[in-house]
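Undergrad: Contents are TSV, C-alpha atoms; file name upload_31.tsv:
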```
chain	number	residue	atom	x	y	z
A	33	MET	CA	124.37	128.27	114.50
A	34	THR	CA	122.08	126.03	112.45
A	35	SER	CA	119.57	124.05	114.55
A	36	ALA	CA	118.01	120.69	113.77
A	37	ALA	CA	114.79	122.54	112.93
A	38	ASP	CA	116.61	124.29	110.07
A	39	ILE	CA	117.72	121.00	108.46
A	40	VAL	CA	115.76	118.59	106.28
A	41	PRO	CA	117.87	115.38	106.42
A	42	LEU	CA	117.75	113.14	103.34
A	43	HIS	CA	119.34	109.86	102.26
A	44	VAL	CA	119.42	109.65	98.46
A	45	LEU	CA	121.45	107.48	96.07
A	46	GLY	CA	123.19	106.03	99.13
A	47	THR	CA	124.31	109.51	100.22
A	48	ASP	CA	123.33	111.67	103.19
A	49	VAL	CA	122.22	115.17	102.22
A	50	ASP	CA	121.30	117.93	104.65
A	51	VAL	CA	119.06	120.59	103.13
A	52	ARG	CA	119.66	123.77	105.13
A	53	VAL	CA	116.51	125.88	105.01
A	54	THR	CA	116.87	129.67	105.06
A	55	GLY	CA	115.07	132.72	103.66
A	56	GLN	CA	111.49	133.76	104.26
A	57	GLU	CA	109.21	131.48	106.31
A	58	PRO	CA	111.82	128.70	106.64
A	59	GLU	CA	109.47	126.55	108.75
A	60	GLU	CA	106.92	126.43	105.93
A	61	LEU	CA	109.57	125.62	103.33
A	62	ALA	CA	110.93	122.84	105.57
A	63	ARG	CA	107.40	121.42	105.86
A	64	VAL	CA	106.98	121.45	102.08
A	65	LEU	CA	110.34	119.75	101.56
A	66	ARG	CA	109.55	117.02	104.08
A	67	GLU	CA	106.26	116.43	102.30
A	68	ARG	CA	107.81	116.27	98.82
A	69	TRP	CA	110.85	114.17	99.86
A	70	HIS	CA	108.95	111.94	102.30
A	71	LEU	CA	110.38	108.65	100.98
A	72	ALA	CA	113.95	109.93	101.25
A	73	LEU	CA	113.87	111.38	104.78
A	74	ARG	CA	116.35	109.94	107.25
A	75	GLU	CA	115.69	109.90	110.96
A	76	GLY	CA	117.14	112.78	112.96
A	77	THR	CA	120.22	114.56	111.70
A	78	GLY	CA	122.64	111.69	112.21
A	79	PRO	CA	124.01	109.49	109.42
A	80	ALA	CA	121.91	106.81	107.78
A	81	ALA	CA	122.80	103.21	108.53
A	82	GLY	CA	125.97	102.20	106.71
A	83	THR	CA	126.94	105.81	105.96
A	84	THR	CA	130.24	107.16	107.29
A	85	ALA	CA	130.92	110.18	105.07
A	86	PRO	CA	129.73	113.57	106.34
A	87	PRO	CA	126.49	114.72	104.71
A	88	LEU	CA	126.48	116.91	101.65
A	89	VAL	CA	124.92	120.29	102.40
A	90	VAL	CA	122.56	122.13	100.06
A	91	GLU	CA	120.91	125.40	101.06
A	92	ALA	CA	117.40	126.39	99.97
A	93	GLY	CA	115.40	129.52	100.68
A	94	VAL	CA	112.55	131.65	99.42
A	95	VAL	CA	113.78	135.22	98.87
A	96	PRO	CA	112.02	138.56	98.18
A	97	GLU	CA	111.12	139.47	94.61
A	98	ASP	CA	113.71	142.24	94.53
A	99	ARG	CA	116.56	139.74	95.01
A	100	PRO	CA	116.84	137.71	91.80
A	101	GLU	CA	119.35	134.90	92.25
A	102	PRO	CA	121.42	133.33	89.44
A	103	TRP	CA	121.50	129.53	89.54
A	104	GLU	CA	123.25	126.57	87.89
A	105	ARG	CA	122.71	122.86	88.52
A	106	ARG	CA	126.07	122.53	90.23
A	107	ASP	CA	125.18	125.24	92.76
A	108	THR	CA	124.66	124.11	96.35
A	109	VAL	CA	122.76	127.29	97.27
A	110	VAL	CA	119.28	127.58	95.74
A	111	HIS	CA	117.37	130.81	96.40
A	112	ASP	CA	114.28	131.84	94.45
A	113	ARG	CA	111.15	133.95	94.92
A	114	ASP	CA	109.00	131.40	93.04
A	115	LEU	CA	108.32	128.27	95.12
A	116	PRO	CA	107.69	125.75	92.27
A	117	ARG	CA	110.85	126.91	90.51
A	118	LEU	CA	112.78	126.73	93.79
A	119	LEU	CA	111.62	123.16	94.38
A	120	GLN	CA	112.59	122.10	90.85
A	121	ARG	CA	116.00	123.75	91.07
A	122	LEU	CA	116.63	122.21	94.48
A	123	THR	CA	115.87	118.74	93.10
A	124	GLN	CA	118.30	119.36	90.24
A	125	SER	CA	121.01	120.64	92.59
A	126	ILE	CA	120.61	117.63	94.89
A	127	THR	CA	120.72	115.33	91.87
A	128	HIS	CA	123.92	116.93	90.62
A	129	ALA	CA	125.52	116.77	94.08
A	130	VAL	CA	124.80	113.09	94.76
A	131	ILE	CA	125.70	111.96	91.23
A	132	THR	CA	129.01	113.78	91.55
A	133	ALA	CA	129.58	112.17	94.95
A	134	ARG	CA	128.89	108.64	93.66
A	135	ALA	CA	130.76	108.93	90.34
A	136	GLY	CA	133.23	106.06	90.12
A	137	GLU	CA	131.34	104.05	92.75
A	138	LEU	CA	128.08	103.34	90.94
A	139	LEU	CA	127.07	102.72	87.36
A	140	MET	CA	124.39	105.40	87.06
A	141	LEU	CA	121.79	105.27	84.31
A	142	HIS	CA	119.34	108.05	83.49
A	143	ALA	CA	116.36	105.84	84.08
A	144	ALA	CA	113.10	105.14	85.84
A	145	GLY	CA	113.36	102.24	88.24
A	146	LEU	CA	110.63	99.95	89.58
A	147	ALA	CA	111.14	96.88	91.75
A	148	ASP	CA	109.19	93.81	92.78
A	149	PRO	CA	108.18	94.51	96.39
A	150	LEU	CA	108.86	90.93	97.53
A	151	THR	CA	112.02	89.92	95.65
A	152	GLY	CA	113.69	93.28	94.95
A	153	ALA	CA	114.04	92.48	91.22
A	154	THR	CA	114.42	95.87	89.53
A	155	ALA	CA	113.84	97.06	85.98
A	156	ALA	CA	115.73	100.12	84.73
A	157	PHE	CA	113.84	101.98	81.98
A	158	VAL	CA	116.45	104.20	80.34
A	159	ALA	CA	115.44	107.33	78.43
A	160	PRO	CA	116.44	110.98	77.96
A	161	GLY	CA	114.85	113.70	80.06
A	162	ASN	CA	111.24	114.71	79.37
A	163	THR	CA	110.43	111.51	77.48
A	164	GLY	CA	108.14	109.65	79.87
A	165	LYS	CA	110.07	108.19	82.83
A	166	THR	CA	107.91	109.86	85.48
A	167	THR	CA	104.74	108.96	83.59
A	168	LEU	CA	105.91	105.34	83.53
A	169	CYS	CA	106.41	105.37	87.32
A	170	ARG	CA	102.93	106.79	87.84
A	171	ALA	CA	101.35	104.24	85.49
A	172	LEU	CA	103.19	101.08	86.51
A	173	GLY	CA	104.47	101.89	90.00
A	174	PRO	CA	101.41	101.37	92.26
A	175	GLY	CA	101.71	97.91	93.81
A	176	ARG	CA	105.43	97.87	93.06
A	177	ALA	CA	108.39	99.54	94.77
A	178	TYR	CA	109.50	102.93	93.47
A	179	VAL	CA	113.26	103.20	92.89
A	180	SER	CA	113.61	106.46	90.92
A	181	ASP	CA	112.19	108.52	88.09
A	182	GLU	CA	115.63	110.01	87.40
A	183	THR	CA	118.74	107.92	88.18
A	184	VAL	CA	119.19	104.20	88.82
A	185	GLY	CA	122.50	103.52	90.57
A	186	ILE	CA	123.97	100.02	90.16
A	187	GLY	CA	126.73	98.53	92.30
A	188	ARG	CA	129.31	96.07	91.01
A	189	ASP	CA	127.46	93.29	92.84
A	190	GLY	CA	124.20	94.10	91.05
A	191	THR	CA	122.59	95.92	93.96
A	192	VAL	CA	120.49	98.94	93.03
A	193	VAL	CA	120.73	102.11	95.13
A	194	PRO	CA	117.38	103.95	95.18
A	195	TYR	CA	117.01	107.65	94.50
A	196	LEU	CA	113.61	108.32	96.07
A	197	LYS	CA	113.17	111.87	94.85
A	198	PRO	CA	109.85	113.65	94.27
A	199	LEU	CA	108.12	112.96	90.98
A	200	SER	CA	109.01	115.74	88.52
A	201	THR	CA	105.76	116.24	86.62
A	202	ARG	CA	104.93	118.65	83.81
A	203	ARG	CA	102.41	121.28	84.82
A	204	PRO	CA	99.27	121.89	82.70
A	205	ASP	CA	100.53	125.44	82.12
A	206	TRP	CA	103.98	124.15	81.10
A	207	SER	CA	106.44	127.03	80.95
A	208	GLY	CA	109.67	125.23	81.80
A	209	THR	CA	108.96	124.58	85.49
A	210	LYS	CA	107.83	121.15	86.67
A	211	ASP	CA	105.88	120.27	89.80
A	212	GLU	CA	107.82	118.28	92.40
A	213	GLN	CA	105.14	115.94	93.74
A	214	PRO	CA	105.32	113.50	96.68
A	215	PRO	CA	105.60	109.93	95.33
A	216	GLY	CA	102.98	108.79	97.82
A	217	THR	CA	100.28	110.84	96.10
A	218	ALA	CA	100.73	108.56	93.07
A	219	GLY	CA	100.54	105.40	95.21
A	220	LEU	CA	104.31	104.84	95.16
A	221	THR	CA	106.19	103.32	98.08
A	222	ALA	CA	109.84	102.77	98.96
A	223	PRO	CA	111.50	99.36	98.50
A	224	VAL	CA	111.39	96.97	101.44
A	225	ALA	CA	113.33	94.10	99.86
A	226	ALA	CA	116.84	95.15	98.81
A	227	PRO	CA	116.70	96.06	95.08
A	228	TRP	CA	118.92	94.31	92.53
A	229	LEU	CA	119.08	94.76	88.78
A	230	ALA	CA	117.03	92.27	86.79
A	231	GLY	CA	116.92	93.97	83.40
A	232	VAL	CA	117.55	97.07	81.31
A	233	VAL	CA	115.14	98.61	78.81
A	234	VAL	CA	115.97	101.43	76.41
A	235	LEU	CA	112.75	103.36	75.88
A	236	ARG	CA	111.69	105.24	72.78
A	237	ARG	CA	108.28	106.85	73.00
A	238	GLU	CA	106.56	107.55	69.69
A	239	VAL	CA	103.22	109.35	69.81
A	240	GLY	CA	100.83	107.44	67.60
A	241	HIS	CA	102.81	104.19	67.63
A	242	PRO	CA	100.20	101.59	66.61
A	243	GLY	CA	99.44	98.47	68.60
A	244	PRO	CA	101.50	96.98	71.43
A	245	PRO	CA	105.09	98.00	72.13
A	246	ARG	CA	107.71	96.84	69.66
A	247	VAL	CA	110.47	94.99	71.52
A	248	GLU	CA	113.95	94.52	70.02
A	249	GLN	CA	116.82	92.69	71.68
A	250	LEU	CA	120.04	94.71	71.38
A	251	ASP	CA	123.45	93.17	70.93
A	252	VAL	CA	126.14	94.29	73.36
A	253	LEU	CA	127.64	96.96	71.07
A	254	ASP	CA	124.29	98.55	70.24
A	255	ALA	CA	123.30	98.45	73.89
A	256	VAL	CA	126.50	100.18	74.98
A	257	LEU	CA	126.04	102.85	72.31
A	258	ALA	CA	122.47	103.44	73.48
A	259	LEU	CA	123.24	103.46	77.21
A	260	THR	CA	126.45	105.46	77.53
A	261	PRO	CA	124.85	108.81	76.52
A	262	GLU	CA	122.24	108.19	79.23
A	263	SER	CA	124.76	107.54	82.01
A	264	SER	CA	126.38	109.80	84.60
A	265	GLY	CA	130.01	109.80	85.72
A	266	PHE	CA	130.74	107.04	83.22
A	267	MET	CA	134.29	108.06	82.37
A	268	ARG	CA	135.17	108.55	86.05
A	269	THR	CA	134.54	104.85	86.63
A	270	GLU	CA	137.28	102.22	86.51
A	271	GLY	CA	136.68	99.92	83.53
A	272	PRO	CA	133.24	101.35	82.70
A	273	LEU	CA	132.77	99.45	79.44
A	274	ARG	CA	133.69	96.14	81.07
A	275	TRP	CA	131.33	96.90	83.96
A	276	LEU	CA	128.45	97.77	81.66
A	277	ALA	CA	129.08	94.70	79.51
A	278	ASP	CA	129.02	92.50	82.64
A	279	VAL	CA	125.72	94.06	83.73
A	280	LEU	CA	124.22	93.34	80.31
A	281	GLU	CA	125.53	89.79	80.22
A	282	ARG	CA	124.16	88.94	83.66
A	283	THR	CA	120.74	90.46	83.00
A	284	GLY	CA	120.18	88.99	79.56
A	285	GLY	CA	121.13	92.07	77.56
A	286	ALA	CA	119.19	95.27	76.95
A	287	GLN	CA	115.93	95.59	75.08
A	288	ARG	CA	114.85	98.57	73.02
A	289	VAL	CA	111.12	99.17	73.32
A	290	VAL	CA	109.13	101.52	71.09
A	291	TYR	CA	105.77	102.46	72.58
A	292	ALA	CA	103.07	105.11	72.72
A	293	GLU	CA	101.47	104.84	76.17
A	294	ALA	CA	103.20	103.94	79.43
A	295	ALA	CA	100.44	101.53	80.46
A	296	SER	CA	101.25	99.36	77.44
A	297	LEU	CA	104.65	98.57	78.99
A	298	GLU	CA	103.02	96.46	81.73
A	299	PRO	CA	103.98	93.09	80.12
A	300	VAL	CA	107.60	94.25	79.71
A	301	ALA	CA	107.79	95.32	83.35
A	302	ALA	CA	106.10	92.14	84.60
A	303	GLU	CA	108.51	89.88	82.69
A	304	ILE	CA	111.62	91.62	84.03
A	305	LEU	CA	110.39	91.86	87.61
A	306	GLY	CA	109.55	88.16	87.54
A	307	ARG	CA	113.13	87.11	86.79
A	308	GLY	CA	115.45	85.24	89.13
A	309	ASP	CA	118.55	86.84	90.65
A	310	PRO	CA	121.58	86.43	88.32
A	311	TRP	CA	124.02	88.02	90.78
```
Would it be possible to restate this file's structure as structure tokens?
TA:
Amino acid sequence: MTSAADIVPLHVLGTDVDVRVTGQEPEELARVLRERWHLALREGTGPAAGTTAPPLVVEAGVVPEDRPEPWERRDTVVHDRDLPRLLQRLTQSITHAVITARAGELLMLHAAGLADPLTGATAAFVAPGNTGKTTLCRALGPGRAYVSDETVGIGRDGTVVPYLKPLSTRRPDWSGTKDEQPPGTAGLTAPVAAPWLAGVVVLRREVGHPGPPRVEQLDVLDAVLALTPESSGFMRTEGPLRWLADVLERTGGAQRVVYAEAASLEPVAAEILGRGDPW
């Protein structure tokens, strides 16, 4: 029977997840997971406040070298002999599980999210994978509330559901495996004020882009075309195009921003996080 010591209880994207720790030295792996997922830990093994569904269960364990384990993102069992690869795969499996669980309930954008710590005003910076979302959180997040470097979930009432995962950072010896780093090591903290969506930015990073970021206001059609490929569970949502159009209308439409360095996006972030609540 699994004991409480074998479980790392998380609350991510509004969903309870129990990570069941197995394999070699499970106590050490549980310690590492609690360190990396420190902003997402829920107290005890009971449900988080407002949660009634039973927790999703994902298993993780370090295994001997002579037991290679196949893995896909949809798998809920993640075994690996290499700890950094195990941590990355576990993050991806948890992400897949909670996105699947919330499909149809949230409008989910593949985005970095930062919020004003006092008002909860949140900016969603939408971009494909490996194009600078985590770097943006590290550069602009200290002093603000961290919402996600992966998925920003939006309710129909404009509330934003945080996904306080570890920061997935490229390693200096990049070989396909990222480091899963505790957000606190980058000065990031969880929201205190309830987050709500204040604005949407479509990012395009261009190395060598001269001068300040180039900001372009998108009309509704162009915004929808830019955002739908960077969404999750979109077609499992009732009236997704109407929902997205309403989000854009209430938040002043989406901006496309071309930039070179994340720090140069400070004025864009400050303007959005200074907005009043349109919801």
Undergrad: Excluding A:Tyr195 and any residue of its chain fewer than 2 positions from it, enumerate the residues within 8 Å of it, using only C-alpha atoms, and give them as JSON, numbers by chain.
TA: {"A": [44, 45, 46, 72, 179, 180, 182, 183, 184, 185, 193, 197]}
Undergrad: Interatomic distance between atom CA of A:Leu280 and atom CA of A:Pro174?
TA: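 Between these atoms lies a distance of 27.0 Å.
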Undergrad: Between A:Ala286, A:Ala92, A:Val110, A:Leu220, which has the minimum distance to A:Asp251 (counting all atoms listed in the file)?
TA: A:Ala286
Undergrad: Record the distance separating atom CA of A:Leu146 and atom CA of A:Thr209, expressed in Å with one decimal.
TA: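 Between these atoms lies a distance of 25.0 Å.
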Undergrad: Counting all atoms listed in the file, write as a ChimeraX atom specification all protein and nucleic acid residues lying at most 8 Å from (118.3, 90.7, 92.5) in the file's frame.
TA: /A:151-154,190-191,226-230,308-311
Undergrad: Counting only C-alpha atoms, which of A:Arg105, A:Arg268, A:His241, A:His142 gets nearest to A:Leu118?
TA: A:Arg105
Undergrad: So which residues are close to (110.1, 110.7, 90.9), meaning at most 12 Å away in the file's coordinates with all atoms listed in the file counted, and can you show them as number ranges by chain?
TA: A: 68-72, 120, 123-124, 127, 143-146, 164-170, 173, 177-184, 194-202, 210-222
Undergrad: Select from stretch 73-163 of chain A every residue with an atom at most 12 Å from any atom of stretch 272-277 of chain A, then for each give the shortest pair of atoms and their distance in Å to one decimal, using all atoms listed in the file, rows by chain and rising number, as a Markdown table.
TA:
```
| residue | atom | partner | partner_atom | distance |
| --- | --- | --- | --- | --- |
| A:Ala135 | CA | A:Pro272 | CA | 11.0 |
| A:Gly136 | CA | A:Pro272 | CA | 8.8 |
| A:Glu137 | CA | A:Pro272 | CA | 10.6 |
| A:Leu138 | CA | A:Pro272 | CA | 9.9 |
| A:Leu139 | CA | A:Leu276 | CA | 7.7 |
| A:Met140 | CA | A:Leu276 | CA | 10.2 |
| A:Leu141 | CA | A:Leu276 | CA | 10.4 |
```
Undergrad: Just C-alpha atoms for this one: save the residues we selected as a short mmCIF file (atom, residue, chain, number, x, y, z; two decimals), in the coordinates of the input.
TA:
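Saved to part-v4.cif:
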```
data_model
loop_
_atom_site.label_atom_id
_atom_site.label_comp_id
_atom_site.auth_asym_id
_atom_site.auth_seq_id
_atom_site.Cartn_x
_atom_site.Cartn_y
_atom_site.Cartn_z
CA ALA A 135 130.76 108.93 90.34
CA GLY A 136 133.23 106.06 90.12
CA GLU A 137 131.34 104.05 92.75
CA LEU A 138 128.08 103.34 90.94
CA LEU A 139 127.07 102.72 87.36
CA MET A 140 124.39 105.40 87.06
CA LEU A 141 121.79 105.27 84.31
#
```
Undergrad: Could you check how far atom CA of A:Leu150 sits from atom CA of A:Leu172, in Å to one decimal?
TA: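 Separation between atom CA of A:Leu150 and atom CA of A:Leu172: 16.0 Å.
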Undergrad: Out of A:Asp254, A:Gly284, A:Phe266, A:Pro244, which residue has the shortest atom-to-atom distance to A:Ser296 when counting all atoms listed in the file?
TA: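 Going through A:Asp254, A:Gly284, A:Phe266, A:Pro244 one by one, the smallest distance to A:Ser296 is for A:Pro244.
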Undergrad: Rank nothing, just name the residue among A:Arg282, A:Arg188, A:Arg176, A:Arg246 nearest to A:Ala302, using all atoms listed in the file.
TA: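 Of the candidates, the smallest distance to A:Ala302 is held by A:Arg176.
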